[in-house]
$ cat upload.txt   # compact mmCIF, C-alpha atoms
# COMPACT_ATOMS: atom_id res chain seq x y z
CA MET A 1 12.67 -33.21 110.62
CA ALA A 2 10.20 -30.55 109.62
CA VAL A 3 6.56 -31.54 109.37
CA PRO A 4 5.01 -30.28 106.13
CA SER A 5 2.14 -27.92 106.69
CA GLU A 6 -1.26 -28.52 105.15
CA PRO A 7 -1.87 -26.74 101.85
CA LYS A 8 -3.68 -23.48 102.22
CA ALA A 9 -6.97 -22.95 100.47
CA THR A 10 -6.86 -19.85 98.36
CA VAL A 11 -9.78 -17.52 98.90
CA PRO A 12 -10.36 -15.51 95.72
CA ALA A 13 -10.77 -11.80 96.02
CA GLU A 14 -14.19 -10.43 95.14
CA SER A 15 -12.89 -9.02 91.86
CA GLU A 16 -11.65 -12.51 90.88
CA VAL A 17 -14.98 -14.21 91.41
CA SER A 18 -17.51 -14.62 88.64
CA GLY A 19 -20.43 -12.44 89.57
CA GLY A 20 -18.43 -9.44 90.79
CA ARG A 21 -20.53 -7.29 93.07
CA ASP A 22 -23.22 -9.97 93.30
CA VAL A 23 -20.87 -12.23 95.27
CA VAL A 24 -20.85 -11.84 99.07
CA GLY A 25 -17.26 -12.28 100.15
CA ALA A 26 -18.04 -13.33 103.72
CA VAL A 27 -20.35 -16.11 102.53
CA LEU A 28 -17.70 -17.32 100.10
CA LYS A 29 -15.14 -17.41 102.90
CA ALA A 30 -17.55 -19.29 105.18
CA CYS A 31 -18.10 -21.87 102.43
CA THR A 32 -14.34 -22.21 102.07
CA LEU A 33 -14.05 -22.94 105.78
CA LEU A 34 -16.79 -25.58 105.58
CA GLY A 35 -14.92 -27.15 102.67
CA HIS A 36 -12.07 -28.11 105.01
CA PHE A 37 -14.30 -30.51 106.97
CA SER A 38 -14.30 -34.08 105.69
CA ALA A 39 -14.62 -37.69 106.84
CA ASP A 40 -10.84 -37.73 107.33
CA ARG A 41 -10.89 -34.46 109.28
CA PRO A 42 -14.34 -34.00 110.88
CA THR A 43 -13.21 -31.52 113.56
CA TRP A 44 -10.95 -28.49 113.48
CA ALA A 45 -9.41 -26.36 116.21
CA LEU A 46 -9.46 -22.61 115.59
CA ASN A 47 -5.69 -22.31 115.17
CA ASP A 48 -5.50 -25.26 112.76
CA LEU A 49 -8.39 -23.98 110.67
CA THR A 50 -6.79 -20.54 110.55
CA VAL A 51 -3.52 -21.99 109.23
CA ALA A 52 -5.24 -24.29 106.73
CA SER A 53 -7.51 -21.57 105.36
CA GLY A 54 -4.89 -18.86 105.15
CA MET A 55 -7.35 -16.36 106.62
CA ASN A 56 -6.96 -13.96 109.51
CA LYS A 57 -7.65 -15.64 112.87
CA THR A 58 -10.21 -13.03 113.87
CA THR A 59 -12.02 -13.51 110.56
CA VAL A 60 -12.09 -17.29 111.02
CA PHE A 61 -13.37 -16.92 114.58
CA ARG A 62 -16.18 -14.57 113.55
CA LEU A 63 -17.22 -16.66 110.56
CA MET A 64 -17.28 -19.86 112.59
CA ALA A 65 -19.21 -18.14 115.37
CA THR A 66 -21.78 -17.12 112.77
CA LEU A 67 -22.01 -20.69 111.44
CA VAL A 68 -22.47 -21.96 115.00
CA GLN A 69 -25.26 -19.43 115.57
CA ALA A 70 -26.91 -20.50 112.29
CA GLY A 71 -26.80 -24.15 113.37
CA TRP A 72 -24.46 -25.29 110.60
CA VAL A 73 -21.52 -25.93 112.94
CA ASP A 74 -21.24 -27.25 116.53
CA ARG A 75 -18.55 -26.86 119.18
CA THR A 76 -17.08 -29.94 120.84
CA GLU A 77 -16.38 -30.09 124.59
CA GLU A 78 -12.77 -29.24 123.77
CA GLY A 79 -13.86 -26.16 121.82
CA ALA A 80 -13.13 -27.54 118.36
CA TYR A 81 -15.57 -27.09 115.46
CA ARG A 82 -17.53 -29.82 113.70
CA VAL A 83 -20.28 -29.66 111.08
CA ALA A 84 -23.83 -29.96 112.45
CA MET A 85 -26.78 -32.09 111.37
CA PRO A 86 -28.30 -29.66 108.79
CA VAL A 87 -25.23 -30.13 106.59
CA PHE A 88 -25.72 -33.90 106.64
CA GLU A 89 -29.45 -33.54 106.00
CA ILE A 90 -28.84 -31.41 102.91
CA GLY A 91 -26.23 -33.86 101.67
CA SER A 92 -28.57 -36.80 102.24
CA ALA A 93 -31.36 -35.03 100.37
CA ALA A 94 -29.05 -34.38 97.43
CA LEU A 95 -27.94 -38.02 97.37
CA ALA A 96 -31.54 -39.17 97.55
CA LYS A 97 -32.35 -37.13 94.46
CA LEU A 98 -29.35 -38.63 92.68
CA ASP A 99 -30.57 -42.11 93.63
CA ILE A 100 -34.04 -41.31 92.30
CA ARG A 101 -32.54 -40.09 89.03
CA SER A 102 -30.52 -43.29 88.68
CA ALA A 103 -33.53 -45.43 89.49
CA ALA A 104 -35.80 -43.55 87.09
CA LYS A 105 -33.43 -43.25 84.12
CA PRO A 106 -34.15 -46.63 82.46
CA PHE A 107 -37.90 -46.11 82.84
CA MET A 108 -37.67 -42.61 81.36
CA THR A 109 -35.76 -44.09 78.43
CA GLU A 110 -38.43 -46.75 78.00
CA LEU A 111 -41.25 -44.18 78.03
CA ALA A 112 -39.52 -41.80 75.63
CA THR A 113 -38.71 -44.66 73.26
CA ALA A 114 -42.18 -46.23 73.40
CA PHE A 115 -44.15 -43.04 72.77
CA GLY A 116 -41.73 -40.56 71.26
CA ASN A 117 -42.72 -37.98 73.88
CA THR A 118 -40.56 -36.29 76.50
CA ALA A 119 -40.22 -38.10 79.83
CA TYR A 120 -39.89 -35.94 82.95
CA LEU A 121 -38.75 -36.58 86.51
CA MET A 122 -39.82 -34.03 89.12
CA VAL A 123 -39.36 -33.72 92.88
CA PRO A 124 -41.29 -31.63 95.41
CA ALA A 125 -39.78 -28.44 96.82
CA GLU A 126 -41.03 -25.48 98.85
CA GLN A 127 -41.53 -23.22 95.83
CA GLY A 128 -43.05 -25.85 93.54
CA ALA A 129 -42.26 -28.99 91.55
CA VAL A 130 -38.66 -29.06 90.36
CA CYS A 131 -37.71 -30.85 87.15
CA ILE A 132 -34.50 -32.77 87.91
CA ASP A 133 -34.28 -34.78 84.69
CA LEU A 134 -35.88 -35.09 81.26
CA LEU A 135 -35.39 -37.26 78.22
CA GLU A 136 -36.71 -36.32 74.80
CA GLY A 137 -38.26 -38.89 72.48
CA ARG A 138 -38.09 -39.06 68.69
CA ASN A 139 -41.26 -36.98 68.18
CA SER A 140 -40.84 -34.73 71.19
CA LEU A 141 -42.44 -31.34 71.26
CA VAL A 142 -39.93 -28.76 72.46
CA VAL A 143 -41.70 -27.42 75.55
CA ALA A 144 -40.44 -23.93 76.26
CA GLY A 145 -39.95 -23.20 79.93
CA ILE A 146 -39.67 -26.80 81.17
CA ASN A 147 -36.02 -27.72 81.52
CA VAL A 148 -33.87 -29.34 84.16
CA GLY A 149 -34.06 -26.94 87.11
CA SER A 150 -37.43 -25.46 86.15
CA VAL A 151 -39.84 -24.90 89.04
CA MET A 152 -43.53 -25.34 88.26
CA PRO A 153 -46.67 -24.49 90.25
CA TYR A 154 -48.25 -27.52 91.89
CA HIS A 155 -51.77 -26.85 90.64
CA VAL A 156 -50.90 -27.24 86.96
CA ALA A 157 -49.55 -29.98 84.66
CA ALA A 158 -49.57 -33.70 85.40
CA GLY A 159 -46.24 -34.08 87.22
CA PRO A 160 -46.74 -31.34 89.82
CA ALA A 161 -50.45 -32.15 90.32
CA VAL A 162 -49.88 -35.83 91.03
CA MET A 163 -47.43 -34.89 93.80
CA LEU A 164 -49.85 -32.33 95.22
CA ALA A 165 -52.64 -34.92 95.18
CA HIS A 166 -50.59 -37.41 97.19
CA SER A 167 -49.25 -35.01 99.82
CA LYS A 168 -51.37 -33.56 102.62
CA ALA A 169 -48.49 -31.29 103.63
CA LEU A 170 -48.27 -29.81 100.14
CA ARG A 171 -52.05 -29.41 99.95
CA ASP A 172 -52.14 -27.55 103.26
CA ARG A 173 -49.48 -25.11 102.08
CA TRP A 174 -50.48 -24.69 98.46
CA ILE A 175 -54.26 -24.71 98.08
CA THR A 176 -55.76 -21.23 98.37
CA ASN A 177 -58.48 -19.25 96.63
CA ASP A 178 -56.05 -16.97 94.79
CA LEU A 179 -54.06 -19.43 92.69
CA PRO A 180 -52.87 -17.90 89.41
CA ALA A 181 -54.47 -18.90 86.12
CA ILE A 182 -51.66 -19.90 83.76
CA THR A 183 -54.04 -20.67 80.88
CA GLU A 184 -57.81 -20.73 80.41
CA GLN A 185 -57.77 -24.40 81.45
CA THR A 186 -56.01 -23.84 84.77
CA ILE A 187 -58.06 -24.80 87.82
CA THR A 188 -57.85 -21.93 90.30
CA GLU A 189 -60.88 -22.42 92.58
CA ALA A 190 -59.83 -24.20 95.78
CA ASP A 191 -62.92 -26.43 96.07
CA ARG A 192 -62.71 -27.55 92.46
CA LEU A 193 -58.98 -28.15 92.76
CA VAL A 194 -59.49 -30.33 95.85
CA GLU A 195 -62.05 -32.43 93.95
CA HIS A 196 -59.61 -32.77 91.06
CA LEU A 197 -56.78 -33.81 93.39
CA ASP A 198 -59.00 -36.34 95.17
CA GLU A 199 -59.79 -37.92 91.81
CA ILE A 200 -56.08 -38.07 90.98
CA GLU A 201 -55.28 -39.69 94.33
CA ARG A 202 -57.97 -42.32 93.86
CA ALA A 203 -56.89 -43.08 90.30
CA GLY A 204 -53.18 -43.16 91.13
CA TYR A 205 -52.23 -40.99 88.16
CA SER A 206 -52.78 -37.51 86.71
CA VAL A 207 -53.70 -36.37 83.20
CA SER A 208 -53.33 -32.74 82.17
CA ASN A 209 -54.27 -30.93 79.00
CA SER A 210 -53.43 -27.30 78.19
CA ASP A 211 -53.62 -26.12 81.82
CA TYR A 212 -49.98 -25.02 81.82
CA LEU A 213 -49.13 -24.65 78.14
CA PRO A 214 -51.78 -24.51 75.39
CA GLY A 215 -51.78 -27.63 73.24
CA VAL A 216 -49.57 -29.61 75.63
CA ALA A 217 -50.82 -32.67 77.52
CA ALA A 218 -49.15 -35.07 79.96
CA VAL A 219 -49.63 -38.17 82.09
CA ALA A 220 -47.88 -38.60 85.45
CA ALA A 221 -47.61 -41.11 88.29
CA PRO A 222 -46.23 -40.62 91.80
CA ILE A 223 -43.06 -42.14 93.23
CA LEU A 224 -43.43 -42.88 96.93
CA GLY A 225 -40.90 -43.27 99.73
CA ARG A 226 -40.83 -45.88 102.51
CA ASP A 227 -43.30 -43.96 104.64
CA GLY A 228 -45.73 -43.52 101.76
CA SER A 229 -44.86 -39.86 101.23
CA VAL A 230 -44.45 -38.62 97.67
CA VAL A 231 -40.79 -38.13 96.76
CA ALA A 232 -41.07 -37.58 92.99
CA SER A 233 -43.21 -37.97 89.90
CA ILE A 234 -42.53 -39.49 86.51
CA SER A 235 -44.42 -38.27 83.47
CA VAL A 236 -44.56 -38.04 79.69
CA GLY A 237 -45.68 -34.92 77.88
CA GLY A 238 -46.31 -33.84 74.31
CA ARG A 239 -48.89 -32.55 71.85
CA SER A 240 -52.47 -32.81 73.07
CA GLU A 241 -53.59 -34.79 70.02
CA GLU A 242 -51.13 -37.54 70.99
CA PHE A 243 -52.88 -37.98 74.35
CA GLU A 244 -56.30 -39.23 73.25
CA GLY A 245 -58.14 -42.55 72.98
CA GLU A 246 -56.08 -45.74 72.96
CA ALA A 247 -52.83 -43.77 72.89
CA LEU A 248 -53.76 -42.09 76.18
CA THR A 249 -54.78 -45.43 77.73
CA ALA A 250 -51.43 -46.97 76.77
CA LYS A 251 -49.52 -44.03 78.24
CA ILE A 252 -51.45 -44.15 81.50
CA GLU A 253 -50.75 -47.86 81.86
CA LYS A 254 -47.05 -47.58 81.13
CA VAL A 255 -46.47 -44.44 83.25
CA CYS A 256 -48.29 -46.00 86.22
CA ASP A 257 -46.21 -49.16 85.86
CA ALA A 258 -43.02 -47.07 85.76
CA GLY A 259 -44.05 -45.12 88.87
CA ALA A 260 -44.82 -48.33 90.78
CA ARG A 261 -41.56 -49.99 89.80
CA ILE A 262 -39.44 -46.94 90.64
CA THR A 263 -41.28 -46.74 93.97
CA ARG A 264 -40.21 -50.30 94.79
CA ILE A 265 -36.60 -49.49 93.88
CA VAL A 266 -36.54 -46.27 95.90
CA GLN A 267 -38.08 -47.95 98.93
CA ALA A 268 -35.39 -50.63 98.77
CA LEU A 269 -32.53 -48.10 98.73
CA PRO A 270 -30.34 -48.07 101.88
CA ARG A 271 -31.35 -45.47 104.42
CA GLY A 272 -29.12 -42.39 104.42
$ encode --input "upload.txt" --output "structure tokens"
Amino acid sequence: MAVPSEPKATVPAESEVSGGRDVVGAVLKACTLLGHFSADRPTWALNDLTVASGMNKTTVFRLMATLVQAGWVDRTEEGAYRVAMPVFEIGSAALAKLDIRSAAKPFMTELATAFGNTAYLMVPAEQGAVCIDLLEGRNSLVVAGINVGSVMPYHVAAGPAVMLAHSKALRDRWITNDLPAITEQTITEADRLVEHLDEIERAGYSVSNSDYLPGVAAVAAPILGRDGSVVASISVGGRSEEFEGEALTAKIEKVCDAGARITRIVQALPRG
């Protein structure tokens, strides 16, 4: 009785891939090879991977050797291939962000409903604060340039600044004497920025006004992980005139409460 062979993954030709000349065929093929690894099939011998991928054996060998050199793939004692720890770390980080989004969603809804402003969820990254979710309220100001996926400098706006204030690692990397001035209200001097961040850390929240976009203000609170490190920020932003007096006090109280409650949820999540 013949044993059915595993279906072959089709590798699109460069001309068939969206992006045309911008697509690197070898990288696409390497990603295709990685896609064969799963919980059901965590290791692959060279011959089996060649058959399953439908690629030339020499090509598979060279691509896998490159992935081994890069640290993305390991070799077993028998010579088979298995994915290495960096792949799991990236996957865990992605899942953690999904968990944070799920945990924060009801609180973002509550903030947007209570104040009519836009609620934002941001996470720290190497290049800056990344907006991973937002929810517009009934009176929301459409803020150009801040969308899901936007990357913002740490020294401006409430969400990025509150993460910078609560992270020594981010401070060490980010604070310099040549920070760009986004608006006339942007703090660019290192000493003054440090004082500002220290105040934010002591208060437990950040308030910004026109330092990133003229006429736009925001309030943010940090979300902390088990070890006390900042893993995200939650904020509300809108027209500056809506962030004054008793209205500002109410927003600070509710945003801080949301940050504290999300922190407790995130810290209770199972370890990846």
$ residues_near_point --input "upload.txt" --point "(-44.2, -38.1, 72.3)" --cutoff "12 Å" --atoms "only C-alpha atoms" --output "CSV table (one decimal) with C-alpha atoms, in the frame of the given file"
chain,number,residue,atom,x,y,z
A,110,GLU,CA,-38.4,-46.8,78.0
A,111,LEU,CA,-41.2,-44.2,78.0
A,112,ALA,CA,-39.5,-41.8,75.6
A,113,THR,CA,-38.7,-44.7,73.3
A,114,ALA,CA,-42.2,-46.2,73.4
A,115,PHE,CA,-44.2,-43.0,72.8
A,116,GLY,CA,-41.7,-40.6,71.3
A,117,ASN,CA,-42.7,-38.0,73.9
A,118,THR,CA,-40.6,-36.3,76.5
A,119,ALA,CA,-40.2,-38.1,79.8
A,120,TYR,CA,-39.9,-35.9,83.0
A,135,LEU,CA,-35.4,-37.3,78.2
A,136,GLU,CA,-36.7,-36.3,74.8
A,137,GLY,CA,-38.3,-38.9,72.5
A,138,ARG,CA,-38.1,-39.1,68.7
A,139,ASN,CA,-41.3,-37.0,68.2
A,140,SER,CA,-40.8,-34.7,71.2
A,141,LEU,CA,-42.4,-31.3,71.3
A,142,VAL,CA,-39.9,-28.8,72.5
A,143,VAL,CA,-41.7,-27.4,75.6
A,216,VAL,CA,-49.6,-29.6,75.6
A,217,ALA,CA,-50.8,-32.7,77.5
A,218,ALA,CA,-49.2,-35.1,80.0
A,219,VAL,CA,-49.6,-38.2,82.1
A,235,SER,CA,-44.4,-38.3,83.5
A,236,VAL,CA,-44.6,-38.0,79.7
A,237,GLY,CA,-45.7,-34.9,77.9
A,238,GLY,CA,-46.3,-33.8,74.3
A,239,ARG,CA,-48.9,-32.6,71.8
A,240,SER,CA,-52.5,-32.8,73.1
A,241,GLU,CA,-53.6,-34.8,70.0
A,242,GLU,CA,-51.1,-37.5,71.0
A,243,PHE,CA,-52.9,-38.0,74.4
A,247,ALA,CA,-52.8,-43.8,72.9
A,248,LEU,CA,-53.8,-42.1,76.2
A,251,LYS,CA,-49.5,-44.0,78.2
$ closest_residue --input "upload.txt" --among "A:Arg202, A:Asp211, A:Ile252, A:Ala30" --to "Tyr154 of chain A" --atoms "only C-alpha atoms"
A:Asp211
$ residues_around --input "upload.txt" --residues "Arg173 of chain A" --least-positions-apart "5" --cutoff "10 Å" --atoms "all atoms listed in the file" --output "JSON, numbers by chain"
{"A": [126, 164, 168]}
$ atom_distance --input "upload.txt" --atom1 "atom CA of Val156 of chain A" --atom2 "atom CA of Val255 of chain A"
18.1 Å
$ atom_distance --input "upload.txt" --atom1 "atom CA of Arg192 of chain A" --atom2 "atom CA of Val151 of chain A"
23.3 Å
$ atom_distance --input "upload.txt" --atom1 "atom CA of Leu193 of chain A" --atom2 "atom CA of Asp178 of chain A"
11.7 Å
$ residues_around --input "upload.txt" --residues "segment 47-51 of chain A" --least-positions-apart "3" --cutoff "12 Å" --atoms "all atoms listed in the file" --output "PyMOL selection string"
chain A and resi 5-10+29-30+32-37+41-44+54-64+79-82
$ closest_residue --input "upload.txt" --among "A:Ala165, A:Leu170, A:Cys131, A:Ala158" --to "Asn209 of chain A" --atoms "all atoms listed in the file"
A:Ala158
$ residues_around --input "upload.txt" --residues "segment 230-234 of chain A" --least-positions-apart "3" --cutoff "6 Å" --atoms "only C-alpha atoms" --output "number ranges by chain"
A: 120-123, 159, 220-225
$ closest_residue --input "upload.txt" --among "A:Ser102, A:Ser167, A:Gln127, A:Gln69" --to "Asp198 of chain A" --atoms "only C-alpha atoms"
A:Ser167
$ residues_near_point --input "upload.txt" --point "(-56.8, -18.1, 78.9)" --cutoff "12 Å" --atoms "all atoms listed in the file" --output "short mmCIF file (atom, residue, chain, number, x, y, z; two decimals) with C-alpha atoms, keeping the file's coordinate frame"
data_model
loop_
_atom_site.label_atom_id
_atom_site.label_comp_id
_atom_site.auth_asym_id
_atom_site.auth_seq_id
_atom_site.Cartn_x
_atom_site.Cartn_y
_atom_site.Cartn_z
CA PRO A 180 -52.87 -17.90 89.41
CA ALA A 181 -54.47 -18.90 86.12
CA ILE A 182 -51.66 -19.90 83.76
CA THR A 183 -54.04 -20.67 80.88
CA GLU A 184 -57.81 -20.73 80.41
CA GLN A 185 -57.77 -24.40 81.45
CA THR A 186 -56.01 -23.84 84.77
CA ILE A 187 -58.06 -24.80 87.82
CA SER A 210 -53.43 -27.30 78.19
CA ASP A 211 -53.62 -26.12 81.82
CA TYR A 212 -49.98 -25.02 81.82
CA LEU A 213 -49.13 -24.65 78.14
CA PRO A 214 -51.78 -24.51 75.39
#
$ closest_residue --input "upload.txt" --among "A:Ala45, A:Ile262, A:Ala161, A:Leu269" --to "Thr76 of chain A" --atoms "all atoms listed in the file"
A:Ala45
$ closest_residue --input "upload.txt" --among "A:Ala203, A:Pro160, A:Glu195, A:Pro124" --to "Ser229 of chain A" --atoms "only C-alpha atoms"
A:Pro124
